[in-house]
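Pasted below: start05.txt, compact mmCIF, C-alpha atoms and all ligand atoms.
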# COMPACT_ATOMS: atom_id res chain seq x y z
CA MET A 105 29.23 3.51 -49.64
CA THR A 106 28.35 4.35 -46.03
CA GLN A 107 24.69 4.72 -47.04
CA SER A 108 24.31 0.95 -47.42
CA LEU A 109 26.40 0.03 -44.40
CA ARG A 110 24.30 -1.94 -41.91
CA VAL A 111 24.96 -3.64 -38.60
CA ASN A 112 24.69 -7.42 -38.26
CA LYS A 113 21.58 -8.21 -36.21
CA GLN A 114 22.64 -11.78 -35.34
CA ARG A 115 25.98 -10.61 -34.03
CA LEU A 116 24.37 -7.78 -32.03
CA MET A 117 21.92 -10.24 -30.44
CA GLY A 118 24.80 -12.63 -29.75
CA PHE A 119 26.66 -9.86 -27.92
CA LEU A 120 23.59 -8.93 -25.85
CA ASN A 121 22.62 -12.48 -24.99
CA THR A 122 26.17 -13.41 -23.96
CA LEU A 123 26.45 -10.32 -21.77
CA GLY A 124 23.13 -11.36 -20.20
CA THR A 125 24.67 -14.62 -18.96
CA PHE A 126 26.83 -12.79 -16.39
CA GLY A 127 24.77 -12.50 -13.22
CA ALA A 128 21.81 -14.23 -14.90
CA LEU A 129 18.87 -14.88 -12.58
CA GLU A 130 16.95 -18.12 -12.64
CA GLY A 131 13.85 -17.58 -14.73
CA GLY A 132 15.24 -14.56 -16.58
CA GLY A 133 16.81 -11.18 -15.99
CA VAL A 134 20.13 -10.27 -14.38
CA CYS A 135 21.57 -9.10 -11.10
CA ARG A 136 24.85 -7.37 -11.85
CA LEU A 137 25.36 -4.74 -9.21
CA ALA A 138 28.29 -2.38 -9.77
CA LEU A 139 31.72 -3.82 -8.84
CA SER A 140 30.26 -7.22 -7.86
CA ALA A 141 31.75 -10.54 -8.97
CA ALA A 142 29.19 -10.68 -11.82
CA ASP A 143 30.19 -7.16 -12.90
CA LYS A 144 33.83 -8.31 -13.01
CA GLN A 145 32.90 -11.30 -15.23
CA ALA A 146 30.91 -9.07 -17.56
CA ARG A 147 33.69 -6.47 -17.69
CA ASP A 148 36.30 -9.14 -18.47
CA TRP A 149 34.15 -10.47 -21.30
CA VAL A 150 33.50 -7.02 -22.84
CA VAL A 151 37.21 -6.22 -22.61
CA SER A 152 37.99 -9.52 -24.38
CA GLN A 153 35.61 -8.48 -27.19
CA MET A 154 37.35 -5.11 -27.43
CA GLN A 155 40.70 -6.91 -27.62
CA ALA A 156 39.39 -9.23 -30.33
CA LEU A 157 38.49 -6.14 -32.36
CA GLY A 158 42.03 -4.80 -31.89
CA LEU A 159 40.85 -1.73 -29.96
CA THR A 160 43.20 0.29 -27.79
CA ILE A 161 41.84 -0.16 -24.27
CA ARG A 162 41.90 2.55 -21.65
CA ILE A 163 40.85 1.73 -18.07
CA ASP A 164 40.80 4.72 -15.76
CA GLN A 165 41.21 5.09 -12.00
CA ILE A 166 37.46 4.81 -11.36
CA GLY A 167 37.04 1.72 -13.55
CA ASN A 168 35.54 3.29 -16.68
CA VAL A 169 36.62 1.32 -19.75
CA ILE A 170 37.03 2.78 -23.25
CA GLY A 171 37.93 0.79 -26.39
CA ILE A 172 39.26 2.95 -29.22
CA TYR A 173 39.20 2.08 -32.93
CA LYS A 174 41.88 4.08 -34.74
CA GLY A 175 40.92 6.84 -37.16
CA GLN A 176 42.95 8.39 -39.94
CA GLU A 177 43.80 11.27 -37.63
CA ASP A 178 45.05 11.22 -34.07
CA VAL A 179 42.29 13.42 -32.61
CA PRO A 180 39.67 12.95 -29.85
CA PRO A 181 37.26 10.11 -30.68
CA VAL A 182 33.61 10.10 -31.51
CA MET A 183 32.37 7.95 -28.65
CA MET A 184 29.44 5.59 -28.03
CA GLY A 185 28.64 3.96 -24.73
CA SER A 186 26.53 3.40 -21.65
CA HIS A 187 26.80 0.99 -18.69
CA ILE A 188 26.81 -2.75 -18.01
CA ASP A 189 25.91 -2.70 -14.31
CA THR A 190 22.26 -3.46 -13.51
CA VAL A 191 19.81 -3.08 -10.67
CA ALA A 192 19.34 -6.27 -8.62
CA THR A 193 16.24 -7.19 -10.65
CA GLY A 194 17.42 -5.94 -14.04
CA GLY A 195 16.92 -6.95 -17.64
CA LEU A 196 19.28 -7.64 -20.53
CA TYR A 197 19.00 -4.29 -22.30
CA ASP A 198 19.19 -1.30 -19.93
CA GLY A 199 22.67 0.13 -20.56
CA CYS A 200 23.90 -3.08 -22.18
CA PHE A 201 22.25 -2.18 -25.48
CA GLY A 202 24.26 1.05 -25.76
CA VAL A 203 27.55 -0.77 -25.12
CA MET A 204 26.80 -3.80 -27.32
CA ALA A 205 25.47 -1.57 -30.12
CA GLY A 206 28.78 0.31 -29.87
CA LEU A 207 30.75 -2.94 -30.19
CA GLU A 208 28.54 -3.90 -33.14
CA VAL A 209 29.08 -0.54 -34.88
CA ILE A 210 32.85 -0.93 -34.58
CA SER A 211 32.65 -4.58 -35.73
CA THR A 212 30.73 -3.38 -38.81
CA LEU A 213 33.33 -0.69 -39.57
CA LYS A 214 36.12 -3.22 -39.19
CA ASP A 215 34.40 -5.84 -41.40
CA SER A 216 33.96 -3.23 -44.11
CA GLY A 217 37.57 -2.08 -43.88
CA ILE A 218 36.46 1.47 -43.05
CA THR A 219 38.84 3.78 -41.21
CA PRO A 220 36.94 6.98 -40.41
CA LYS A 221 38.70 10.31 -40.19
CA ARG A 222 38.33 10.46 -36.40
CA PRO A 223 38.77 7.51 -34.02
CA VAL A 224 35.53 5.81 -32.94
CA ALA A 225 35.30 4.59 -29.33
CA VAL A 226 32.94 2.53 -27.21
CA ALA A 227 32.84 2.99 -23.43
CA PHE A 228 31.18 1.58 -20.37
CA PHE A 229 31.04 3.65 -17.20
CA THR A 230 31.19 2.47 -13.61
CA ASP A 231 27.96 2.29 -11.57
CA GLU A 232 25.42 4.09 -13.72
CA GLU A 233 22.61 2.52 -11.73
CA GLY A 234 23.35 3.72 -8.24
CA ALA A 235 21.66 0.58 -6.97
CA ARG A 236 24.68 -0.33 -4.85
CA PHE A 237 26.64 2.91 -4.45
CA ALA A 238 25.08 6.39 -4.60
CA PRO A 239 25.13 8.73 -6.41
CA ASP A 240 24.21 6.96 -9.60
CA MET A 241 26.43 7.72 -12.63
CA PHE A 242 29.48 8.40 -10.45
CA GLY A 243 31.80 6.77 -13.04
CA SER A 244 30.88 9.23 -15.76
CA LEU A 245 30.72 12.03 -13.19
CA VAL A 246 34.36 11.48 -12.17
CA PHE A 247 35.31 11.07 -15.86
CA GLN A 248 33.73 14.45 -16.62
CA GLY A 249 35.19 16.19 -13.55
CA GLY A 250 31.91 16.71 -11.65
CA LEU A 251 33.07 14.61 -8.66
CA SER A 252 36.59 14.12 -7.31
CA LEU A 253 38.24 10.72 -7.60
CA GLU A 254 38.93 10.70 -3.83
CA GLU A 255 35.28 11.33 -2.96
CA ALA A 256 34.10 8.62 -5.35
CA LEU A 257 36.59 6.03 -4.07
CA ALA A 258 35.33 6.64 -0.51
CA ILE A 259 31.62 6.01 -1.29
CA LYS A 260 30.30 3.10 0.79
CA ASP A 261 27.64 0.51 0.03
CA VAL A 262 25.13 -0.63 2.70
CA ASP A 263 27.62 -3.21 4.00
CA GLY A 264 30.34 -0.58 4.44
CA PHE A 265 32.54 -1.65 1.49
CA THR A 266 34.06 1.32 -0.35
CA VAL A 267 34.20 1.83 -4.10
CA GLY A 268 38.01 1.89 -3.84
CA GLU A 269 38.13 -1.50 -2.08
CA GLU A 270 35.68 -3.07 -4.49
CA LEU A 271 37.49 -1.71 -7.56
CA ASP A 272 40.72 -3.22 -6.23
CA LYS A 273 38.97 -6.52 -5.52
CA ILE A 274 37.75 -6.91 -9.10
CA GLY A 275 40.98 -5.52 -10.61
CA TYR A 276 39.43 -2.49 -12.30
CA LYS A 277 41.21 0.41 -10.63
CA GLY A 278 42.98 1.30 -13.86
CA ASN A 279 46.02 3.46 -14.46
CA ALA A 280 44.58 5.97 -16.88
CA PRO A 281 44.05 9.31 -15.16
CA VAL A 282 40.51 10.62 -14.87
CA GLY A 283 39.55 14.08 -16.04
CA CYS A 284 41.94 14.39 -18.95
CA PHE A 285 40.39 12.47 -21.82
CA GLU A 286 38.91 14.53 -24.62
CA VAL A 287 35.81 13.33 -26.43
CA ASP A 288 34.66 14.81 -29.73
CA THR A 289 31.02 13.65 -29.62
CA PHE A 290 29.06 11.25 -27.39
CA LEU A 291 26.12 9.09 -28.48
CA GLU A 292 24.23 6.78 -26.11
CA ALA A 293 21.77 4.30 -27.59
CA HIS A 294 19.33 3.02 -24.95
CA ILE A 295 15.95 1.38 -24.56
CA GLU A 296 13.32 3.96 -23.67
CA GLN A 297 12.49 2.27 -20.33
CA GLY A 298 9.00 3.76 -20.64
CA PRO A 299 5.86 3.02 -22.67
CA VAL A 300 5.66 5.90 -25.15
CA LEU A 301 7.43 4.46 -28.23
CA ASP A 302 5.90 1.01 -27.78
CA LYS A 303 2.40 2.37 -27.33
CA GLU A 304 2.63 4.77 -30.26
CA GLY A 305 4.37 2.34 -32.62
CA ILE A 306 7.40 4.61 -33.06
CA LYS A 307 10.80 3.09 -33.84
CA ILE A 308 13.26 5.83 -32.82
CA GLY A 309 13.12 8.18 -29.84
CA VAL A 310 15.11 11.35 -30.51
CA VAL A 311 16.05 12.32 -26.98
CA GLU A 312 16.20 16.05 -26.40
CA SER A 313 16.60 16.18 -22.62
CA VAL A 314 16.86 14.22 -19.38
CA GLN A 315 14.74 15.16 -16.41
CA GLY A 316 16.26 16.23 -13.10
CA ILE A 317 16.82 13.63 -10.37
CA SER A 318 16.64 14.11 -6.60
CA TRP A 319 17.47 11.18 -4.32
CA THR A 320 17.05 11.54 -0.53
CA GLU A 321 17.54 9.05 2.27
CA PHE A 322 15.56 9.57 5.49
CA THR A 323 16.52 7.95 8.79
CA ILE A 324 13.71 7.88 11.35
CA GLU A 325 14.34 7.02 15.01
CA GLY A 326 11.37 6.17 17.24
CA VAL A 327 10.87 3.96 20.29
CA SER A 328 10.17 0.25 19.98
CA ASN A 329 7.62 -1.05 22.42
CA HIS A 330 5.03 -3.76 22.94
CA ALA A 331 2.28 -3.83 20.28
CA GLY A 332 -0.36 -5.01 22.73
CA THR A 333 0.30 -2.80 25.72
CA THR A 334 1.36 0.57 24.33
CA PRO A 335 -1.64 2.91 23.99
CA MET A 336 -1.94 4.50 20.56
CA SER A 337 -1.51 7.97 22.06
CA MET A 338 1.83 7.01 23.62
CA ARG A 339 3.63 5.63 20.56
CA HIS A 340 6.67 6.99 18.75
CA ASP A 341 6.33 4.85 15.66
CA ALA A 342 9.07 5.25 13.03
CA GLY A 343 7.16 2.92 10.68
CA LEU A 344 4.07 5.11 10.73
CA VAL A 345 6.08 8.20 9.79
CA ALA A 346 7.71 6.28 6.93
CA ALA A 347 4.32 5.15 5.67
CA LYS A 348 2.98 8.72 5.79
CA ILE A 349 6.00 10.02 3.88
CA ASN A 350 5.44 7.35 1.24
CA VAL A 351 1.80 8.31 0.78
CA PHE A 352 2.68 12.02 0.78
CA ALA A 353 5.31 11.52 -1.96
CA ARG A 354 2.56 10.10 -4.19
CA GLU A 355 0.27 13.02 -3.31
CA VAL A 356 2.99 15.54 -4.18
CA ALA A 357 3.43 13.94 -7.60
CA HIS A 358 -0.33 14.12 -8.23
CA LYS A 359 -0.61 17.67 -6.94
CA ILE A 360 2.28 18.95 -9.06
CA GLY A 361 1.28 16.88 -12.09
CA GLY A 362 3.09 17.16 -15.45
CA SER A 363 6.29 15.15 -15.52
CA GLN A 364 6.58 14.96 -11.71
CA VAL A 365 7.17 11.44 -10.39
CA ALA A 366 7.91 10.25 -6.85
CA THR A 367 9.02 6.81 -5.68
CA VAL A 368 9.78 5.28 -2.31
CA GLY A 369 11.83 2.34 -3.54
CA TYR A 370 13.70 1.31 -0.40
CA ILE A 371 12.44 0.89 3.15
CA SER A 372 14.28 -0.94 5.90
CA CYS A 373 12.38 -1.25 9.14
CA LYS A 374 13.66 -2.46 12.51
CA PRO A 375 13.07 -4.59 14.39
CA ASN A 376 10.60 -5.72 11.66
CA LEU A 377 8.54 -7.93 13.95
CA ILE A 378 4.78 -8.40 14.10
CA ASN A 379 4.28 -7.39 17.71
CA VAL A 380 6.82 -4.58 18.12
CA VAL A 381 6.36 -0.87 17.32
CA PRO A 382 9.16 -0.05 14.82
CA ASN A 383 11.94 2.15 16.19
CA HIS A 384 14.25 2.56 13.22
CA VAL A 385 13.49 3.12 9.55
CA VAL A 386 15.79 4.02 6.67
CA MET A 387 13.92 4.92 3.49
CA THR A 388 14.63 6.59 0.16
CA VAL A 389 12.61 8.99 -1.96
CA ASP A 390 13.31 9.45 -5.68
CA LEU A 391 11.80 12.64 -7.15
CA ARG A 392 12.12 13.62 -10.82
CA ASN A 393 10.93 16.49 -12.99
CA THR A 394 11.94 18.04 -16.32
CA ASP A 395 11.72 21.51 -14.72
CA ASN A 396 14.28 22.24 -12.02
CA ASP A 397 12.18 24.89 -10.25
CA VAL A 398 9.25 22.50 -9.97
CA LEU A 399 11.57 19.76 -8.75
CA LYS A 400 12.80 22.13 -6.03
CA GLN A 401 9.17 22.80 -5.04
CA ALA A 402 8.54 19.05 -4.73
CA GLU A 403 11.65 18.70 -2.55
CA THR A 404 10.52 21.53 -0.26
CA LEU A 405 7.02 20.10 0.12
CA LEU A 406 8.39 16.66 0.94
CA PHE A 407 11.10 17.81 3.35
CA ASP A 408 8.68 20.08 5.27
CA TYR A 409 6.10 17.33 5.52
CA ALA A 410 8.70 14.84 6.77
CA GLU A 411 9.87 17.25 9.51
CA ASN A 412 6.34 18.08 10.64
CA THR A 413 5.12 14.51 10.65
CA ALA A 414 8.13 13.36 12.66
CA LYS A 415 7.49 16.11 15.19
CA GLU A 416 3.82 15.11 15.54
CA GLU A 417 4.78 11.49 16.22
CA GLY A 418 7.63 12.43 18.57
CA VAL A 419 10.35 10.70 16.53
CA LYS A 420 13.69 11.99 15.25
CA ILE A 421 14.25 12.35 11.54
CA SER A 422 17.38 13.16 9.55
CA ARG A 423 17.94 13.28 5.83
CA ARG A 424 20.93 12.74 3.55
CA LYS A 425 21.23 13.74 -0.09
CA LEU A 426 22.17 10.68 -2.15
CA ALA A 427 22.07 12.28 -5.59
CA ARG A 428 20.93 15.51 -7.21
CA PHE A 429 21.14 16.14 -10.93
CA ASP A 430 19.59 19.13 -12.70
CA PRO A 431 17.63 18.49 -15.91
CA VAL A 432 19.82 18.66 -19.02
CA TYR A 433 19.18 19.49 -22.67
CA PHE A 434 21.21 17.78 -25.38
CA HIS A 435 22.99 19.55 -28.24
CA LYS A 436 20.65 20.62 -31.03
CA GLU A 437 23.12 19.73 -33.76
CA ILE A 438 23.38 16.10 -32.66
CA VAL A 439 19.68 15.79 -31.80
CA ASP A 440 18.82 17.07 -35.28
CA LEU A 441 21.28 14.62 -36.81
CA VAL A 442 19.63 11.65 -35.03
CA GLU A 443 16.26 12.78 -36.36
CA GLN A 444 17.60 13.22 -39.89
CA GLU A 445 19.26 9.82 -39.94
CA ALA A 446 16.06 8.15 -38.71
CA GLU A 447 14.13 9.86 -41.50
CA ALA A 448 16.75 8.89 -44.09
CA ALA A 449 16.43 5.27 -42.94
CA GLY A 450 12.65 5.40 -43.33
CA LEU A 451 12.02 5.00 -39.58
CA ASN A 452 9.37 7.04 -37.79
CA SER A 453 10.69 9.01 -34.83
CA LYS A 454 9.58 11.22 -31.99
CA ARG A 455 11.39 13.92 -30.02
CA MET A 456 11.10 13.22 -26.31
CA PRO A 457 12.64 13.76 -22.87
CA SER A 458 14.23 10.86 -21.00
CA GLY A 459 12.57 9.87 -17.76
CA ALA A 460 15.57 7.80 -16.63
CA GLY A 461 19.05 8.99 -15.80
CA HIS A 462 21.88 8.24 -18.23
CA ASP A 463 25.65 8.70 -18.54
CA ALA A 464 24.94 10.92 -21.56
CA GLN A 465 23.55 13.61 -19.25
CA ILE A 466 26.97 13.78 -17.59
CA LEU A 467 29.06 13.54 -20.80
CA LYS A 468 26.92 16.37 -22.19
CA GLU A 469 29.07 18.77 -20.15
CA MET A 470 32.16 17.68 -22.11
CA CYS A 471 31.11 17.50 -25.74
CA PRO A 472 28.18 17.55 -28.17
CA THR A 473 25.95 14.70 -26.99
CA ALA A 474 22.62 13.07 -27.74
CA MET A 475 20.74 9.82 -27.20
CA ILE A 476 18.84 7.36 -29.39
CA PHE A 477 15.91 5.50 -27.82
CA VAL A 478 14.35 2.29 -29.06
CA PRO A 479 10.99 0.92 -27.86
CA CYS A 480 10.71 -1.25 -24.80
CA LYS A 481 7.87 -3.76 -24.59
CA ASP A 482 5.03 -2.48 -22.40
CA GLY A 483 7.44 0.14 -21.09
CA LEU A 484 8.90 -2.39 -18.64
CA SER A 485 12.41 -1.73 -17.33
CA HIS A 486 14.31 -2.27 -14.08
CA ASN A 487 12.36 -5.51 -14.36
CA VAL A 488 13.56 -9.00 -15.29
CA LYS A 489 10.93 -9.04 -18.06
CA GLU A 490 12.48 -6.06 -19.86
CA PHE A 491 12.32 -6.80 -23.61
CA THR A 492 12.94 -5.10 -26.95
CA GLU A 493 12.33 -6.74 -30.33
CA PRO A 494 15.60 -7.65 -32.10
CA ASP A 495 14.42 -5.72 -35.20
CA ASP A 496 14.03 -2.58 -33.07
CA LEU A 497 17.48 -3.04 -31.53
CA GLU A 498 18.91 -3.49 -35.02
CA ALA A 499 17.17 -0.32 -36.23
CA GLY A 500 18.53 1.68 -33.29
CA ALA A 501 22.05 0.34 -33.84
CA ASN A 502 21.85 1.29 -37.52
CA ILE A 503 20.94 4.87 -36.61
CA LEU A 504 23.83 4.87 -34.14
CA LEU A 505 26.13 3.67 -36.95
CA SER A 506 25.03 6.35 -39.40
CA VAL A 507 25.20 9.20 -36.86
CA ILE A 508 28.63 8.05 -35.69
CA LEU A 509 29.91 7.90 -39.27
CA LYS A 510 28.64 11.40 -40.00
CA ARG A 511 30.36 12.75 -36.90
CA ALA A 512 33.57 10.76 -37.40
CA ASN A 513 33.99 11.76 -41.04
CA ARG A 514 33.16 15.44 -40.82
C1 LIG B 601 18.94 4.64 -13.30
O1 LIG B 601 18.76 3.80 -14.16
C2 LIG B 601 17.93 5.65 -13.02
O2 LIG B 601 17.54 6.39 -13.94
O3 LIG B 601 17.47 5.64 -11.89
MN MN B 602 20.50 2.61 -18.21
MN MN B 603 18.84 1.55 -15.16
MN MN B 604 19.68 4.84 -15.72
Is it possible to give me this structure as structure tokens?
Amino acid sequence: MTQSLRVNKQRLMGFLNTLGTFGALEGGGVCRLALSAADKQARDWVVSQMQALGLTIRIDQIGNVIGIYKGQEDVPPVMMGSHIDTVATGGLYDGCFGVMAGLEVISTLKDSGITPKRPVAVAFFTDEEGARFAPDMFGSLVFQGGLSLEEALAIKDVDGFTVGEELDKIGYKGNAPVGCFEVDTFLEAHIEQGPVLDKEGIKIGVVESVQGISWTEFTIEGVSNHAGTTPMSMRHDAGLVAAKINVFAREVAHKIGGSQVATVGYISCKPNLINVVPNHVVMTVDLRNTDNDVLKQAETLLFDYAENTAKEEGVKISRRKLARFDPVYFHKEIVDLVEQEAEAAGLNSKRMPSGAGHDAQILKEMCPTAMIFVPCKDGLSHNVKEFTEPDDLEAGANILLSVILKRANR
């Protein structure tokens, strides 16, 4: 019976497109930063869909939301999920696909009158993106016990608002305690956010691992002075040091090679005027590698270079760790199951690491976990043009359904 069970593509696309209206940007894409007004609207709508499905809803003290579909036995659920916050220039699929595919899987079970042995749940976690509050994935991190609730509530955004204040403002500081919810299995369906599946014409990415992430913020303090009168030899230019660090980050990635990537995604420069030497820069560097030792090497190279370059220019530099996650490897049993179910469905698949960070890498510490990737057109993500073909989303959701059923009925 379960062999022929299939998700409803129209309904899945309806879920995704409706979710994409909250925080929609003119011309396409979404801006739904964690705990913003748009995030509240999206959360309210997803919760209303969970209610319509008759799920038991659990909102915890850090704003993670879980909808639970009853099983025959009162045991920990087999859980699906991801996030619904976005970067400021996000698309409709990053994170949202995993949550909407979860809603669709449960809708399909309900339509078919199936009550699996174990409960089946769908979750969305607070601030996976880290685009407003760092570290990224702090919702799942608190859920899993890797960060204390108090520390997470005190995190500030660039305007000085704390997570605690913003959770209160949108009404999502729930009552359910963090750190005491058992999960049997976790599955996160997600767009690849890279070009491999699209380029190679592969339908299902069987994700074996997630690369390590290192986020650093540098603050550089120089002296602002007149652009026309200050001799080049007498400058203490914070902007120049920032530019050199940016170029060096790229060089480090090339020198190390392999999976090493390096990105300077944020630079704020003061006073930011054409005829004034900059005196204050805040900038971020994002380094990632599948090998933790190599990632540490990249960090050392970068930090040493930043110190030396600041010294040469006569400016002060300080650094702050925004996030640091070691690479993780998912559970073989679940990874194998994803691959088997793709094969059984006649879909070609490829084992691969994830280049992006995901809540699954945090949940992995709690229970058997894996991820299912679907292609992403031209590998574009964290971009308003992010797109995945509906047929590919449907295929990924069907694999999610069959893996979830296997785990829930075992
Ligand atoms: C978040 O999406 C990240 O991987 O940076
Ligand atoms: Mn994501
Ligand atoms: Mn993302
Ligand atoms: Mn991510």
(request) May I have the residues within 9 Å of Arg423 (chain A) as a ChimeraX atom specification, using all atoms listed in the file and disregarding those fewer than 4 positions away in the same chain? (result) /A:320-324,407
(request) All residues within 7 Å of ligand MN 604 (chain B) are required, counting all atoms listed in the file; please report them as a VMD selection string. (result) chain A and resid 232 to 233 460 to 462
Put those residues in a file: C-alpha atoms, as a PDB file, in the coordinates of the input.
ATOM      1  CA  GLU A 232      25.420   4.090 -13.720  1.00  0.00           C
ATOM      2  CA  GLU A 233      22.610   2.520 -11.730  1.00  0.00           C
ATOM      3  CA  ALA A 460      15.570   7.800 -16.630  1.00  0.00           C
ATOM      4  CA  GLY A 461      19.050   8.990 -15.800  1.00  0.00           C
ATOM      5  CA  HIS A 462      21.880   8.240 -18.230  1.00  0.00           C
TER       6      HIS A 462
END
(request) Grab me every residue within 10 Å of ligand MN 603 (chain B), counting all atoms listed in the file, and send it over as a VMD selection string. (result) chain A and resid 187 to 191 194 to 195 197 to 200 231 to 235 240 294 to 295 297 460 to 462 485 to 487
Same residues, C-alpha atoms, saved as an mmCIF file, in the frame of the given file:
data_model
loop_
_atom_site.group_PDB
_atom_site.id
_atom_site.type_symbol
_atom_site.label_atom_id
_atom_site.label_comp_id
_atom_site.auth_asym_id
_atom_site.auth_seq_id
_atom_site.Cartn_x
_atom_site.Cartn_y
_atom_site.Cartn_z
ATOM 1 C CA HIS A 187 26.800 0.990 -18.690
ATOM 2 C CA ILE A 188 26.810 -2.750 -18.010
ATOM 3 C CA ASP A 189 25.910 -2.700 -14.310
ATOM 4 C CA THR A 190 22.260 -3.460 -13.510
ATOM 5 C CA VAL A 191 19.810 -3.080 -10.670
ATOM 6 C CA GLY A 194 17.420 -5.940 -14.040
ATOM 7 C CA GLY A 195 16.920 -6.950 -17.640
ATOM 8 C CA TYR A 197 19.000 -4.290 -22.300
ATOM 9 C CA ASP A 198 19.190 -1.300 -19.930
ATOM 10 C CA GLY A 199 22.670 0.130 -20.560
ATOM 11 C CA CYS A 200 23.900 -3.080 -22.180
ATOM 12 C CA ASP A 231 27.960 2.290 -11.570
ATOM 13 C CA GLU A 232 25.420 4.090 -13.720
ATOM 14 C CA GLU A 233 22.610 2.520 -11.730
ATOM 15 C CA GLY A 234 23.350 3.720 -8.240
ATOM 16 C CA ALA A 235 21.660 0.580 -6.970
ATOM 17 C CA ASP A 240 24.210 6.960 -9.600
ATOM 18 C CA HIS A 294 19.330 3.020 -24.950
ATOM 19 C CA ILE A 295 15.950 1.380 -24.560
ATOM 20 C CA GLN A 297 12.490 2.270 -20.330
ATOM 21 C CA ALA A 460 15.570 7.800 -16.630
ATOM 22 C CA GLY A 461 19.050 8.990 -15.800
ATOM 23 C CA HIS A 462 21.880 8.240 -18.230
ATOM 24 C CA SER A 485 12.410 -1.730 -17.330
ATOM 25 C CA HIS A 486 14.310 -2.270 -14.080
ATOM 26 C CA ASN A 487 12.360 -5.510 -14.360
#
Can I get the residues of region 180-228 of chain A within 9 Å of region 139-162 of chain A, each with the closest pair of atoms and their distance in Å to one decimal, using all atoms listed in the file, sorted chain first then ascending number, as a tab-separated table?
residue	atom	partner	partner_atom	distance
A:Ile188	CA	A:Ala146	CA	7.5
A:Asp189	CA	A:Asp143	CA	6.3
A:Thr190	CA	A:Asp143	CA	8.8
A:Val203	CA	A:Val150	CA	8.9
A:Met204	CA	A:Val150	CA	8.7
A:Leu207	CA	A:Met154	CA	7.5
A:Ile210	CA	A:Leu157	CA	8.0
A:Ser211	CA	A:Leu157	CA	6.9
A:Lys214	CA	A:Leu157	CA	7.8
A:Ala225	CA	A:Leu159	CA	8.4
A:Val226	CA	A:Met154	CA	8.8
A:Phe228	CA	A:Arg147	CA	8.8
(message) Given only C-alpha atoms as the basis, pick out the residue of A:Ala238, A:Val488, A:Glu292, A:Ala448 nearest to Cys135 (chain A).
(response) A:Val488
(request) May I ask for the distance between CA of Pro375 (chain A) and CA of Pro239 (chain A), given in Å to one decimal place? (result) 27.5 Å
(request) Do a neighbour search on region 268-282 of chain A at 12 Å with all atoms listed in the file, toss out local chain neighbours closer than 6 positions, and write the hits as a ChimeraX atom specification. (result) /A:137-148,151,161-170,229-231,236-237,243-261
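Distances to Glu286 (chain A) were evaluated for A:Asp440, A:Val385, A:Pro472, A:Leu509 using all atoms listed in the file, and the minimum falls at A:Pro472.
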(request) Just the residues within 6 Å of region 110-126 of chain A, please, counting all atoms listed in the file, with nothing from its chain fewer than 4 positions along; format it as a VMD selection string. (result) chain A and resid 142 146 196 208 212 498 502
(message) For a test of reading the model, state the distance in Å between CA of Gly309 (chain A) and CA of Ala449 (chain A), rounded to one decimal.
(response)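 Spanning CA of Gly309 (chain A) to CA of Ala449 (chain A) is a straight-line distance of 13.8 Å.
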(message) Need the shell around Ile371 (chain A): protein/DNA/RNA residues with any atom at most 8 Å away, counting only C-alpha atoms. Skip same-chain ones fewer than 2 positions apart. Format as a list of chain:residue names?
(response)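 The neighbour list is A:Val368, A:Gly369, A:Cys373, A:Val385, A:Val386, A:Met387, A:Thr388.
Atom to atom, CA of Ala474 (chain A) and CA of Gly217 (chain A) stand 26.7 Å apart.
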(message) Which residues are close to Lys454 (chain A), i.e. within 10 Å by all atoms listed in the file, leaving aside same-chain residues fewer than 3 positions away? Reply as a ChimeraX atom specification.
(response) /A:300-301,304,306-312,443,446,457,477
(message) For a quick check of your reading of the model, name the residues lying within 7 Å of the coordinate (7.3, 12.2, -4.8), counting all atoms listed in the file, and write them as a ChimeraX atom specification.
(response) /A:353-354,356-357,365-367,389-391,402
Any chance you can output those residues with C-alpha atoms as a JSON list (two decimals), in the frame of the given file?
[["chain", "number", "residue", "atom", "x", "y", "z"],
["A", 353, "ALA", "CA", 5.31, 11.52, -1.96],
["A", 354, "ARG", "CA", 2.56, 10.10, -4.19],
["A", 356, "VAL", "CA", 2.99, 15.54, -4.18],
["A", 357, "ALA", "CA", 3.43, 13.94, -7.60],
["A", 365, "VAL", "CA", 7.17, 11.44, -10.39],
["A", 366, "ALA", "CA", 7.91, 10.25, -6.85],
["A", 367, "THR", "CA", 9.02, 6.81, -5.68],
["A", 389, "VAL", "CA", 12.61, 8.99, -1.96],
["A", 390, "ASP", "CA", 13.31, 9.45, -5.68],
["A", 391, "LEU", "CA", 11.80, 12.64, -7.15],
["A", 402, "ALA", "CA", 8.54, 19.05, -4.73]]
(message) With distances taken over all atoms listed in the file, which residue among A:Ala128, A:Leu484, A:Ala192, A:Leu213 lies nearest Ala512 (chain A)?
(response)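 Using all atoms listed in the file, the shortest distance to Ala512 (chain A) belongs to A:Leu213.
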(message) So, with all atoms listed in the file as the atoms that count, which of A:Gln401, A:Thr473, A:Ser506, A:Ser458 lies closest to ligand MN 602 (chain B)?
(response)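 For ligand MN 602 (chain B), the nearest of the given residues is A:Ser458.
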